[in-house]
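**Q** First the structure, then my questions, so here it is.
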Amino acid sequence: MNIYYIYFYLRTDGTPYYIGKGKGSRAYFKHGRRVAVPPKGLIIFPIINLTEEQAFSNEKDFIAWYGRKDLGTGILRNMTDGGEGSSNPSKETRRKISEAHKGKVLSEKARLDISKRNSNPSEETRRKMRKAHKHGQPNLGRTLSEETKRKMSESRKLYWISKKVIK
């Protein structure tokens, strides 16, 4: 079934910082990734209507093209070369993962870190978030440089060019 897509998380200058493969609403939620999910206006879908195999292949190609920061080869914060994993692991795989985590005890520091991450943000932080995302426009009230506008335009063109290729 062609229900998968490739998504890019973009910086405000229009350059990608994370590339992934997904289906449904995957692109809009963190799901354990180490990178922040940007506002909806900074998520693009350059290729849609793929099989899972096609999505894995395209994900690998895009990550190779842009390169990874951790390897010193590019601009992406992806921690793998892509193309791995499974959208629906077998019951046996799930059982093995469960067994591997049983009995693990987190240190006090790890528990405090998790608690801190999951605690409510301060009122000041919430105010800043509301202001930044007012009306679903993350750049509202900001003055963007001509260079930033140009990069965002180029990124959008890539998206629309890829949609024309699909159809």
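By convention here, the chains of the structure tokens are called A, B, ... in the order presented, each chain's residues are numbered starting at 1, and ligands are numbered starting at 1 in the order presented.
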Counting only C-alpha atoms, what is within 9 Å of segment 82-84 of chain A, bar same-chain residues fewer than 2 positions away, as a list in words?
**A**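 With the cut-off at 9 Å, the set is Ile19, Gly20, Lys21, Glu53, Ala55, Phe56, Ser57, Asn58, Glu59, Lys60, Asp61, Phe62, Ile63, Ala64, Asn78, Met79, Thr80 and Ser86 of chain A.
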**Q** Excluding Asn2 of chain A and any residue of its chain fewer than 4 positions from it, enumerate the residues within 12 Å of it, using only C-alpha atoms, and give them as a list in words.
**A**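 Listing them by chain and then by number gives Ile6, Gly22, Lys23, Gly24, Ile47, Ile48, Asn49, Leu50, Thr51, Glu52, Glu53, Gln54, Ala55 and Ile166 of chain A.
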**Q** Find the residues near segment 9-15 of chain A: any atom within 12 Å, counting only C-alpha atoms, skip ones fewer than 6 places away on the same chain, and give them as JSON, numbers by chain.
**A** {"A": [21, 27, 28, 29, 30, 35, 36, 37, 38, 39, 40, 41, 42, 43, 44, 45, 46, 66, 74, 75, 76, 77, 78, 137, 138, 139, 140, 142, 143, 144, 145, 146, 147, 148, 149, 150, 151, 152, 153, 154, 155, 156, 157, 158, 159]}
**Q** Restricting the output to C-alpha atoms, write the selected residues as an mmCIF file, in the first residue's frame.
**A**
data_model
loop_
_atom_site.group_PDB
_atom_site.id
_atom_site.type_symbol
_atom_site.label_atom_id
_atom_site.label_comp_id
_atom_site.auth_asym_id
_atom_site.auth_seq_id
_atom_site.Cartn_x
_atom_site.Cartn_y
_atom_site.Cartn_z
ATOM 1 C CA LYS A 21 9.781 8.418 6.806
ATOM 2 C CA ALA A 27 5.655 13.784 11.165
ATOM 3 C CA TYR A 28 3.810 15.911 13.728
ATOM 4 C CA PHE A 29 4.820 14.055 16.905
ATOM 5 C CA LYS A 30 8.170 13.424 18.577
ATOM 6 C CA VAL A 35 15.101 16.447 17.690
ATOM 7 C CA ALA A 36 12.323 18.931 18.282
ATOM 8 C CA VAL A 37 9.231 18.847 16.099
ATOM 9 C CA PRO A 38 8.921 22.256 14.404
ATOM 10 C CA PRO A 39 5.675 24.169 13.861
ATOM 11 C CA LYS A 40 3.537 22.770 11.034
ATOM 12 C CA GLY A 41 4.718 25.510 8.651
ATOM 13 C CA LEU A 42 8.265 24.162 8.899
ATOM 14 C CA ILE A 43 7.427 20.548 8.022
ATOM 15 C CA ILE A 44 7.344 19.615 4.345
ATOM 16 C CA PHE A 45 6.514 16.392 2.507
ATOM 17 C CA PRO A 46 8.676 16.209 -0.630
ATOM 18 C CA TYR A 66 22.293 16.317 2.948
ATOM 19 C CA GLY A 74 26.399 17.547 6.467
ATOM 20 C CA ILE A 75 23.595 19.496 8.102
ATOM 21 C CA LEU A 76 21.135 16.884 9.419
ATOM 22 C CA ARG A 77 20.653 15.908 13.047
ATOM 23 C CA ASN A 78 19.601 12.367 12.086
ATOM 24 C CA GLN A 137 2.376 31.328 11.881
ATOM 25 C CA PRO A 138 5.750 30.669 13.533
ATOM 26 C CA ASN A 139 7.373 33.720 11.899
ATOM 27 C CA LEU A 140 4.617 36.179 12.824
ATOM 28 C CA ARG A 142 9.684 38.373 13.091
ATOM 29 C CA THR A 143 11.625 40.171 10.421
ATOM 30 C CA LEU A 144 13.202 37.652 8.078
ATOM 31 C CA SER A 145 16.312 38.504 6.112
ATOM 32 C CA GLU A 146 16.223 38.374 2.320
ATOM 33 C CA GLU A 147 18.617 35.396 2.478
ATOM 34 C CA THR A 148 16.230 33.521 4.805
ATOM 35 C CA LYS A 149 13.266 34.307 2.561
ATOM 36 C CA ARG A 150 15.231 33.065 -0.472
ATOM 37 C CA LYS A 151 16.147 29.787 1.273
ATOM 38 C CA MET A 152 12.563 29.211 2.405
ATOM 39 C CA SER A 153 11.375 29.862 -1.157
ATOM 40 C CA GLU A 154 13.877 27.362 -2.584
ATOM 41 C CA SER A 155 12.800 24.753 -0.045
ATOM 42 C CA ARG A 156 9.140 25.220 -0.974
ATOM 43 C CA LYS A 157 10.014 24.925 -4.667
ATOM 44 C CA LEU A 158 11.687 21.557 -3.948
ATOM 45 C CA TYR A 159 8.457 20.415 -2.315
#
**Q** Between atom CA of Asp81 of chain A and atom CA of Ser98 of chain A, what distance in Å does the model show, to one decimal?
**A**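 If I compute the distance from atom CA of Asp81 of chain A to atom CA of Ser98 of chain A, I get 25.3 Å.
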**Q** What gap, in Å, lies between atom CA of Arg126 of chain A and atom CA of Asp113 of chain A?
**A**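 These atoms are spaced 20.0 Å apart.
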**Q** Any chance you could list, as a count of residues only, the residues in chain A that come up alpha helix (DSSP H) when DSSP is run on the backbone?
**A** 68
**Q** Running DSSP on the backbone, which parts of chain A land in strand (DSSP E), as a ChimeraX atom specification?
**A** /A:4-10,16-23,43-50
**Q** Mind giving me the straight-line distance from atom CA of Trp160 of chain A to atom CA of Arg26 of chain A in Å, one decimal?
**A**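 Atom CA of Arg26 of chain A lies at a distance of 20.8 Å from atom CA of Trp160 of chain A.
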